[in-house]
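Trainee: Structure supplied as work.cif; contents: mmCIF, C-alpha atoms.
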data_target
loop_
_atom_site.label_atom_id
_atom_site.label_comp_id
_atom_site.auth_asym_id
_atom_site.auth_seq_id
_atom_site.Cartn_x
_atom_site.Cartn_y
_atom_site.Cartn_z
CA MET A 1 143.12 -100.79 -175.78
CA SER A 2 141.58 -102.07 -172.65
CA THR A 3 139.32 -100.10 -170.44
CA THR A 4 139.12 -100.51 -166.75
CA THR A 5 135.67 -100.51 -165.31
CA LEU A 6 135.60 -98.93 -161.92
CA PRO A 7 133.26 -100.54 -159.47
CA THR A 8 130.30 -98.39 -158.83
CA SER A 9 129.17 -98.05 -155.30
CA ALA A 10 125.61 -98.97 -154.48
CA PRO A 11 123.34 -95.96 -154.21
CA GLU A 12 122.90 -94.83 -150.71
CA LYS A 13 119.49 -95.51 -149.28
CA ALA A 14 117.59 -92.47 -148.19
CA PRO A 15 117.02 -92.47 -144.47
CA ALA A 16 113.61 -93.77 -143.60
CA PRO A 17 111.28 -91.01 -142.59
CA ARG A 18 110.84 -90.75 -138.91
CA PRO A 19 107.37 -91.98 -138.00
CA VAL A 20 105.25 -89.32 -136.43
CA THR A 21 103.49 -90.82 -133.52
CA VAL A 22 100.00 -89.78 -132.67
CA ALA A 23 101.15 -88.54 -129.31
CA THR A 24 103.87 -86.38 -130.89
CA ALA A 25 101.48 -84.98 -133.46
CA GLU A 26 98.89 -84.29 -130.86
CA GLY A 27 101.41 -82.43 -128.75
CA ARG A 28 102.05 -80.00 -131.62
CA ILE A 29 98.40 -79.26 -132.29
CA GLY A 30 97.61 -75.64 -131.60
CA LEU A 31 94.30 -74.09 -130.74
CA ARG A 32 93.56 -73.10 -134.33
CA ASN A 33 94.14 -76.62 -135.69
CA ASN A 34 92.24 -78.10 -132.79
CA LEU A 35 89.22 -75.94 -133.61
CA ARG A 36 89.55 -76.94 -137.28
CA HIS A 37 89.52 -80.62 -136.32
CA ILE A 38 86.46 -80.09 -134.13
CA GLY A 39 84.71 -78.33 -137.00
CA ALA A 40 85.49 -81.18 -139.40
CA LEU A 41 84.21 -83.77 -136.92
CA VAL A 42 81.08 -81.73 -136.27
CA ARG A 43 80.39 -81.70 -140.01
CA ARG A 44 80.91 -85.47 -140.12
CA ASN A 45 78.43 -86.04 -137.30
CA ALA A 46 75.94 -83.63 -138.85
CA LEU A 47 76.17 -85.44 -142.18
CA GLN A 48 75.44 -88.69 -140.38
CA ILE A 49 72.22 -87.17 -139.07
CA LYS A 50 71.36 -85.94 -142.57
CA GLN A 51 71.86 -89.44 -143.95
CA ASP A 52 69.85 -90.96 -141.12
CA PRO A 53 67.00 -88.52 -140.34
CA GLU A 54 65.34 -91.13 -138.12
CA SER A 55 68.00 -90.30 -135.52
CA MET A 56 66.14 -87.02 -134.95
CA PHE A 57 62.87 -88.70 -134.03
CA ASP A 58 63.68 -88.59 -130.31
CA VAL A 59 64.29 -84.83 -130.22
CA LEU A 60 61.21 -84.12 -132.33
CA LEU A 61 58.71 -86.49 -130.71
CA MET A 62 59.90 -86.74 -127.11
CA PRO A 63 59.02 -83.10 -126.20
CA ILE A 64 55.54 -83.49 -127.73
CA ILE A 65 54.80 -86.77 -125.96
CA PHE A 66 56.09 -85.65 -122.58
CA THR A 67 54.26 -82.32 -122.74
CA LEU A 68 50.92 -83.88 -123.62
CA LEU A 69 51.40 -86.69 -121.10
CA PHE A 70 52.24 -84.58 -118.08
CA VAL A 71 49.90 -81.69 -118.85
CA TYR A 72 46.83 -83.82 -119.42
CA VAL A 73 47.56 -86.56 -116.86
CA PHE A 74 48.91 -84.50 -113.96
CA GLY A 75 47.92 -80.99 -114.97
CA GLY A 76 44.50 -81.01 -113.31
CA SER A 77 45.57 -82.27 -109.87
CA VAL A 78 48.98 -80.58 -109.65
CA GLY A 79 47.59 -77.38 -111.16
CA ALA A 80 44.95 -77.29 -108.41
CA SER A 81 47.65 -77.70 -105.75
CA LEU A 82 49.38 -74.67 -107.28
CA GLY A 83 46.22 -72.64 -106.78
CA GLY A 84 45.16 -72.73 -110.39
CA SER A 85 44.18 -75.14 -113.14
CA ARG A 86 45.78 -77.07 -115.97
CA ASP A 87 46.68 -73.77 -117.66
CA GLN A 88 48.72 -72.80 -114.62
CA TYR A 89 50.48 -76.15 -114.69
CA VAL A 90 51.70 -75.53 -118.25
CA ASN A 91 53.79 -72.59 -117.05
CA TYR A 92 55.08 -74.75 -114.21
CA VAL A 93 56.03 -77.93 -116.06
CA ILE A 94 57.45 -76.61 -119.36
CA PRO A 95 60.51 -74.98 -117.71
CA GLY A 96 61.01 -78.19 -115.74
CA LEU A 97 60.85 -80.29 -118.89
CA MET A 98 63.64 -78.16 -120.33
CA ALA A 99 65.88 -79.65 -117.64
CA MET A 100 64.58 -83.14 -118.37
CA MET A 101 65.25 -82.83 -122.12
CA GLY A 102 68.92 -82.11 -121.51
CA MET A 103 69.41 -85.19 -119.36
CA ASN A 104 67.63 -87.55 -121.76
CA ILE A 105 69.55 -86.28 -124.78
CA ALA A 106 72.81 -86.50 -122.82
CA MET A 107 72.14 -90.21 -122.33
CA ALA A 108 72.12 -90.66 -126.12
CA VAL A 109 75.71 -89.38 -126.28
CA GLY A 110 76.92 -92.25 -124.11
CA THR A 111 75.19 -94.91 -126.19
CA GLY A 112 76.48 -93.27 -129.38
CA VAL A 113 80.11 -93.29 -128.19
CA ASN A 114 79.79 -96.92 -127.10
CA ASP A 115 78.32 -97.86 -130.49
CA ASP A 116 81.10 -96.03 -132.36
CA PHE A 117 83.72 -98.04 -130.49
CA ARG A 118 81.89 -101.27 -131.28
CA LYS A 119 81.93 -100.38 -134.99
CA GLY A 120 85.62 -99.43 -134.93
CA VAL A 121 85.03 -95.76 -135.76
CA MET A 122 86.82 -94.52 -132.66
CA ASP A 123 89.83 -96.75 -133.35
CA ARG A 124 90.22 -94.98 -136.68
CA PHE A 125 90.07 -91.58 -135.01
CA ARG A 126 92.73 -92.57 -132.49
CA THR A 127 95.21 -93.35 -135.29
CA MET A 128 94.86 -89.84 -136.69
CA PRO A 129 97.05 -86.91 -135.57
CA ILE A 130 94.21 -85.06 -133.87
CA ALA A 131 93.58 -84.15 -130.27
CA ARG A 132 91.65 -86.82 -128.44
CA SER A 133 89.37 -84.24 -126.85
CA SER A 134 88.29 -82.94 -130.29
CA VAL A 135 86.45 -86.19 -131.05
CA LEU A 136 84.41 -85.98 -127.87
CA ILE A 137 83.86 -82.20 -128.02
CA ALA A 138 82.52 -82.55 -131.57
CA LYS A 139 79.92 -85.05 -130.39
CA ILE A 140 78.89 -82.68 -127.60
CA VAL A 141 78.55 -79.75 -130.03
CA VAL A 142 76.23 -81.77 -132.27
CA GLU A 143 74.17 -82.96 -129.30
CA ILE A 144 73.81 -79.36 -128.11
CA GLY A 145 72.33 -78.62 -131.53
CA ARG A 146 69.89 -81.49 -131.01
CA MET A 147 69.03 -80.08 -127.60
CA LEU A 148 68.23 -76.73 -129.21
CA VAL A 149 65.84 -78.44 -131.60
CA ALA A 150 64.17 -80.35 -128.75
CA THR A 151 63.85 -77.17 -126.69
CA ALA A 152 62.30 -75.30 -129.61
CA VAL A 153 59.73 -78.08 -130.08
CA LEU A 154 59.04 -78.12 -126.33
CA LEU A 155 58.48 -74.36 -126.17
CA GLY A 156 56.30 -74.53 -129.27
CA MET A 157 54.11 -77.13 -127.58
CA GLY A 158 54.01 -74.99 -124.45
CA PHE A 159 52.80 -71.94 -126.37
CA LEU A 160 50.15 -74.04 -128.13
CA LEU A 161 48.86 -75.18 -124.73
CA GLY A 162 48.74 -71.65 -123.33
CA MET A 163 52.16 -71.00 -121.79
CA GLU A 164 52.94 -67.33 -121.25
CA ILE A 165 56.24 -65.50 -120.92
CA ARG A 166 55.69 -63.40 -117.83
CA THR A 167 59.13 -61.77 -117.89
CA SER A 168 60.82 -61.10 -121.25
CA VAL A 169 62.17 -62.90 -124.30
CA LEU A 170 65.71 -62.20 -123.10
CA GLU A 171 65.08 -64.06 -119.84
CA LEU A 172 63.49 -66.91 -121.78
CA LEU A 173 66.70 -67.17 -123.82
CA GLY A 174 68.62 -67.14 -120.54
CA ALA A 175 66.61 -70.15 -119.36
CA VAL A 176 67.36 -71.96 -122.63
CA GLY A 177 71.07 -71.14 -122.36
CA LEU A 178 71.22 -72.35 -118.76
CA SER A 179 69.62 -75.63 -119.79
CA LEU A 180 72.15 -76.06 -122.60
CA VAL A 181 75.11 -75.42 -120.30
CA PHE A 182 73.94 -77.93 -117.74
CA GLY A 183 73.00 -80.49 -120.42
CA ALA A 184 76.49 -80.20 -121.95
CA SER A 185 78.08 -80.95 -118.58
CA LEU A 186 75.91 -84.05 -118.18
CA MET A 187 77.13 -85.31 -121.54
CA TRP A 188 80.62 -85.81 -120.10
CA ILE A 189 79.15 -88.16 -117.49
CA PHE A 190 77.41 -90.26 -120.12
CA ILE A 191 80.45 -90.22 -122.42
CA LEU A 192 82.49 -91.62 -119.55
CA LEU A 193 79.77 -94.18 -118.93
CA GLY A 194 79.73 -95.11 -122.63
CA LEU A 195 83.50 -95.62 -122.58
CA THR A 196 83.30 -97.75 -119.44
CA MET A 197 80.38 -100.09 -120.14
CA LYS A 198 80.71 -102.93 -122.63
CA THR A 199 77.45 -102.51 -124.54
CA ALA A 200 75.02 -99.73 -125.42
CA GLN A 201 72.27 -101.65 -123.62
CA ALA A 202 74.33 -101.59 -120.42
CA VAL A 203 74.80 -97.84 -120.81
CA GLN A 204 71.04 -97.35 -121.15
CA GLY A 205 70.31 -99.59 -118.17
CA VAL A 206 72.70 -97.84 -115.82
CA ALA A 207 71.64 -94.42 -117.11
CA MET A 208 67.99 -95.11 -116.37
CA LEU A 209 68.86 -96.10 -112.81
CA VAL A 210 70.38 -92.63 -112.42
CA LEU A 211 67.81 -90.70 -114.44
CA MET A 212 64.62 -91.90 -112.80
CA PRO A 213 65.39 -90.85 -109.18
CA LEU A 214 66.89 -87.53 -110.29
CA GLN A 215 63.96 -86.65 -112.54
CA PHE A 216 61.07 -87.68 -110.32
CA GLY A 217 62.79 -86.71 -107.07
CA SER A 218 62.95 -83.08 -108.18
CA SER A 219 60.75 -80.03 -108.67
CA ILE A 220 60.32 -80.74 -112.40
CA PHE A 221 56.81 -82.17 -112.23
CA ALA A 222 55.44 -81.13 -108.85
CA PRO A 223 56.30 -78.61 -106.12
CA PRO A 224 58.46 -80.17 -103.37
CA SER A 225 56.07 -78.81 -100.71
CA THR A 226 53.72 -81.69 -101.53
CA MET A 227 56.44 -84.30 -100.88
CA PRO A 228 57.44 -85.98 -97.59
CA GLY A 229 60.21 -84.34 -95.60
CA TRP A 230 62.98 -86.79 -96.51
CA LEU A 231 62.23 -86.36 -100.22
CA GLN A 232 62.15 -82.58 -99.87
CA ALA A 233 65.68 -82.77 -98.46
CA PHE A 234 66.77 -84.76 -101.51
CA THR A 235 65.19 -82.29 -103.93
CA ASP A 236 67.02 -79.41 -102.24
CA TYR A 237 70.36 -80.92 -103.31
CA ASN A 238 69.15 -82.28 -106.64
CA PRO A 239 70.79 -80.26 -109.46
CA LEU A 240 67.75 -80.81 -111.67
CA SER A 241 65.60 -79.00 -109.11
CA ASN A 242 67.95 -76.03 -109.19
CA LEU A 243 67.87 -75.95 -112.99
CA ALA A 244 64.07 -76.31 -113.13
CA ASP A 245 63.59 -73.58 -110.51
CA ALA A 246 65.99 -71.23 -112.30
CA ALA A 247 64.31 -71.75 -115.69
CA ARG A 248 60.86 -71.44 -114.11
CA ASN A 249 61.67 -68.15 -112.39
CA LEU A 250 63.34 -66.76 -115.50
CA ILE A 251 60.13 -67.39 -117.45
CA ASN A 252 57.50 -66.75 -114.80
CA GLY A 253 59.31 -64.23 -112.61
CA GLY A 254 60.82 -64.74 -109.20
CA PRO A 255 64.19 -64.93 -107.44
CA VAL A 256 66.76 -66.43 -109.78
CA ALA A 257 70.23 -65.82 -108.34
CA HIS A 258 70.51 -68.76 -105.92
CA SER A 259 69.17 -71.48 -108.22
CA MET A 260 71.08 -70.10 -111.23
CA TRP A 261 74.44 -70.02 -109.46
CA MET A 262 73.82 -73.46 -107.99
CA THR A 263 73.13 -74.79 -111.49
CA LEU A 264 76.26 -73.18 -112.94
CA GLY A 265 78.28 -74.50 -109.99
CA TRP A 266 77.01 -78.04 -110.58
CA ALA A 267 77.77 -77.74 -114.31
CA ALA A 268 81.31 -76.52 -113.68
CA ALA A 269 82.03 -79.19 -111.06
CA ILE A 270 80.69 -82.01 -113.25
CA THR A 271 82.72 -80.85 -116.25
CA VAL A 272 85.96 -80.35 -114.31
CA VAL A 273 85.75 -83.83 -112.79
CA THR A 274 84.38 -85.95 -115.63
CA ALA A 275 85.81 -84.33 -118.80
CA PRO A 276 89.48 -85.20 -118.03
CA LEU A 277 88.42 -88.70 -116.96
CA ALA A 278 86.50 -89.21 -120.20
CA VAL A 279 89.42 -88.02 -122.37
CA ALA A 280 91.86 -90.24 -120.45
CA LYS A 281 89.53 -93.23 -120.77
CA PHE A 282 89.19 -92.52 -124.51
CA ARG A 283 92.97 -92.63 -124.92
CA LYS A 284 93.38 -95.92 -123.07
CA LYS A 285 90.27 -97.79 -124.15
CA SER A 286 91.11 -100.91 -126.17
#
Please express what this file holds, its structure, as structure tokens.
Mentor:
Amino acid sequence: MSTTTLPTSAPEKAPAPRPVTVATAEGRIGLRNNLRHIGALVRRNALQIKQDPESMFDVLLMPIIFTLLFVYVFGGSVGASLGGSRDQYVNYVIPGLMAMMGMNIAMAVGTGVNDDFRKGVMDRFRTMPIARSSVLIAKIVVEIGRMLVATAVLLGMGFLLGMEIRTSVLELLGAVGLSLVFGASLMWIFILLGLTMKTAQAVQGVAMLVLMPLQFGSSIFAPPSTMPGWLQAFTDYNPLSNLADAARNLINGGPVAHSMWMTLGWAAAITVVTAPLAVAKFRKKS
């Protein structure tokens, strides 16, 4: 008895899974997942600081060095021009240095982003189904934490040298918050700069060309009334002067509304213009 073997058909291949592109995945990311991604990236950046505590030296030492330098080098002469002494200058310069701290720490964000691209870290992030903005926002959140540490050290030095709160603790916290808001807006500028320049050294060089005129051509270290007329006109439009004046009046007492709203206006304008440009540059950077 013969048996007939029926030909068996080859098993059908399962359809290949449709690749999920990063752009498609990113388009489906909701607010909740976006916040979760930001939180995970913040933890990553914080762990990097824990593994490399030397990266905190700038925020711990810079406020101490700057406070001692400006108080004891310029405090006698500038304090006399304010109608007082070095003790009076402490209450003048510490609020101004709060503005300076934010700008200097913001510069570190740009060099950090540039360095991450050089090491290939950012290329890895761009292959993951996460929102592009979450990578940059996470860096800003961590740097705001570093700014808080620097501000706490700065205020501690100020109190040791005789600074007084002539208003209230609530208004002091308002000055700190205003500095953080403006510092966060500046970070978008330096992130964009870090994504544009080829090396971290180039980012630092260009940043210093911007920082020096803004810092010293402001009311941070000396009252503009002692400056020539053309420089006084520059300080009037300098956002650092508005921030320093707002923080100073919040701590020492005085009219706050104009300088505070000018600072918030500058912060909003800088963020609205530079944040989308930075995210777009991050997407396209090769």
Trainee: For atom CA of A:Val181 and atom CA of A:Ser219, quote the distance in Å rounded to one decimal.
Mentor: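 Rounded to one decimal, the two atoms are 19.0 Å apart.
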Trainee: List the residues matched by the PyMOL selection byres ((chain A and resi 97) around 12) in the displayed structure as a CSV table (one decimal) with C-alpha atoms, keeping the file's coordinate frame, ordered by chain and then by residue number.
Mentor:
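Output below, filename expr_1.csv:
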chain,number,residue,atom,x,y,z
A,62,MET,CA,59.9,-86.7,-127.1
A,63,PRO,CA,59.0,-83.1,-126.2
A,64,ILE,CA,55.5,-83.5,-127.7
A,65,ILE,CA,54.8,-86.8,-126.0
A,66,PHE,CA,56.1,-85.6,-122.6
A,67,THR,CA,54.3,-82.3,-122.7
A,68,LEU,CA,50.9,-83.9,-123.6
A,69,LEU,CA,51.4,-86.7,-121.1
A,70,PHE,CA,52.2,-84.6,-118.1
A,71,VAL,CA,49.9,-81.7,-118.8
A,89,TYR,CA,50.5,-76.2,-114.7
A,90,VAL,CA,51.7,-75.5,-118.2
A,91,ASN,CA,53.8,-72.6,-117.0
A,92,TYR,CA,55.1,-74.8,-114.2
A,93,VAL,CA,56.0,-77.9,-116.1
A,94,ILE,CA,57.4,-76.6,-119.4
A,95,PRO,CA,60.5,-75.0,-117.7
A,96,GLY,CA,61.0,-78.2,-115.7
A,98,MET,CA,63.6,-78.2,-120.3
A,99,ALA,CA,65.9,-79.6,-117.6
A,100,MET,CA,64.6,-83.1,-118.4
A,101,MET,CA,65.2,-82.8,-122.1
A,102,GLY,CA,68.9,-82.1,-121.5
A,103,MET,CA,69.4,-85.2,-119.4
A,104,ASN,CA,67.6,-87.6,-121.8
A,147,MET,CA,69.0,-80.1,-127.6
A,150,ALA,CA,64.2,-80.4,-128.8
A,151,THR,CA,63.8,-77.2,-126.7
A,152,ALA,CA,62.3,-75.3,-129.6
A,153,VAL,CA,59.7,-78.1,-130.1
A,154,LEU,CA,59.0,-78.1,-126.3
A,155,LEU,CA,58.5,-74.4,-126.2
A,157,MET,CA,54.1,-77.1,-127.6
A,158,GLY,CA,54.0,-75.0,-124.4
A,175,ALA,CA,66.6,-70.2,-119.4
A,176,VAL,CA,67.4,-72.0,-122.6
A,179,SER,CA,69.6,-75.6,-119.8
A,215,GLN,CA,64.0,-86.6,-112.5
A,216,PHE,CA,61.1,-87.7,-110.3
A,218,SER,CA,63.0,-83.1,-108.2
A,219,SER,CA,60.8,-80.0,-108.7
A,220,ILE,CA,60.3,-80.7,-112.4
A,221,PHE,CA,56.8,-82.2,-112.2
A,222,ALA,CA,55.4,-81.1,-108.8
A,240,LEU,CA,67.8,-80.8,-111.7
A,241,SER,CA,65.6,-79.0,-109.1
A,243,LEU,CA,67.9,-76.0,-113.0
A,244,ALA,CA,64.1,-76.3,-113.1
A,245,ASP,CA,63.6,-73.6,-110.5
A,247,ALA,CA,64.3,-71.8,-115.7
A,248,ARG,CA,60.9,-71.4,-114.1
Trainee: For stretch 265-281 of chain A, work out the shell of residues within 12 Å, counting only C-alpha atoms and skipping chain neighbours fewer than 2 positions away, then give it as number ranges by chain.
Mentor: A: 110, 113, 126, 131-137, 140, 178-197, 237-243, 257-263, 283-286
Trainee: Decode the PyMOL selection byres ((chain A and resi 41) around 10) for the given file into explicit residues and return them as a PyMOL selection string.
Mentor: chain A and resi 35-40+42-47+125+134-139+141-142
Trainee: In terms of the shortest atom-to-atom distance over only C-alpha atoms, which of A:Gly83, A:Pro53, A:Asp116, A:Gln88 is closest to A:Ala200?
Mentor: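 Among the listed residues, A:Asp116 lies closest to A:Ala200.
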Trainee: May I ask for the distance between atom CA of A:Met107 and atom CA of A:Gln48, given in Å to one decimal place?
Mentor: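 Atom-to-atom, atom CA of A:Met107 to atom CA of A:Gln48, that is 18.4 Å.
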Trainee: Which distance in Å separates atom CA of A:Leu170 and atom CA of A:Gly254, to one decimal?
Mentor: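 Value for the atom CA of A:Leu170-atom CA of A:Gly254 distance: 15.0 Å.
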Trainee: Between A:Asp52, A:Asp58, A:Glu164, A:Glu171, which has the minimum distance to A:Ala108 (counting all atoms listed in the file)?
Mentor: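 Among the listed residues, the smallest separation from A:Ala108 belongs to A:Asp58.
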Trainee: If we count all atoms listed in the file, what is near A:Ser168 at a cut-off of 10 Å, once residues fewer than 6 positions away on the same chain are taken out, given as a list of chain:residue names?
Mentor: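 Neighbouring residues, sequence-local ones excluded: A:Gly174, A:Leu250, A:Ile251, A:Asn252, A:Gly253.
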Trainee: Using only C-alpha atoms, find the one residue out of A:Ala233, A:Ile165, A:Met227, A:Ala106 that sits nearest to A:Met208.
Mentor: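 Using only C-alpha atoms, A:Met208 sits closest to A:Ala106.
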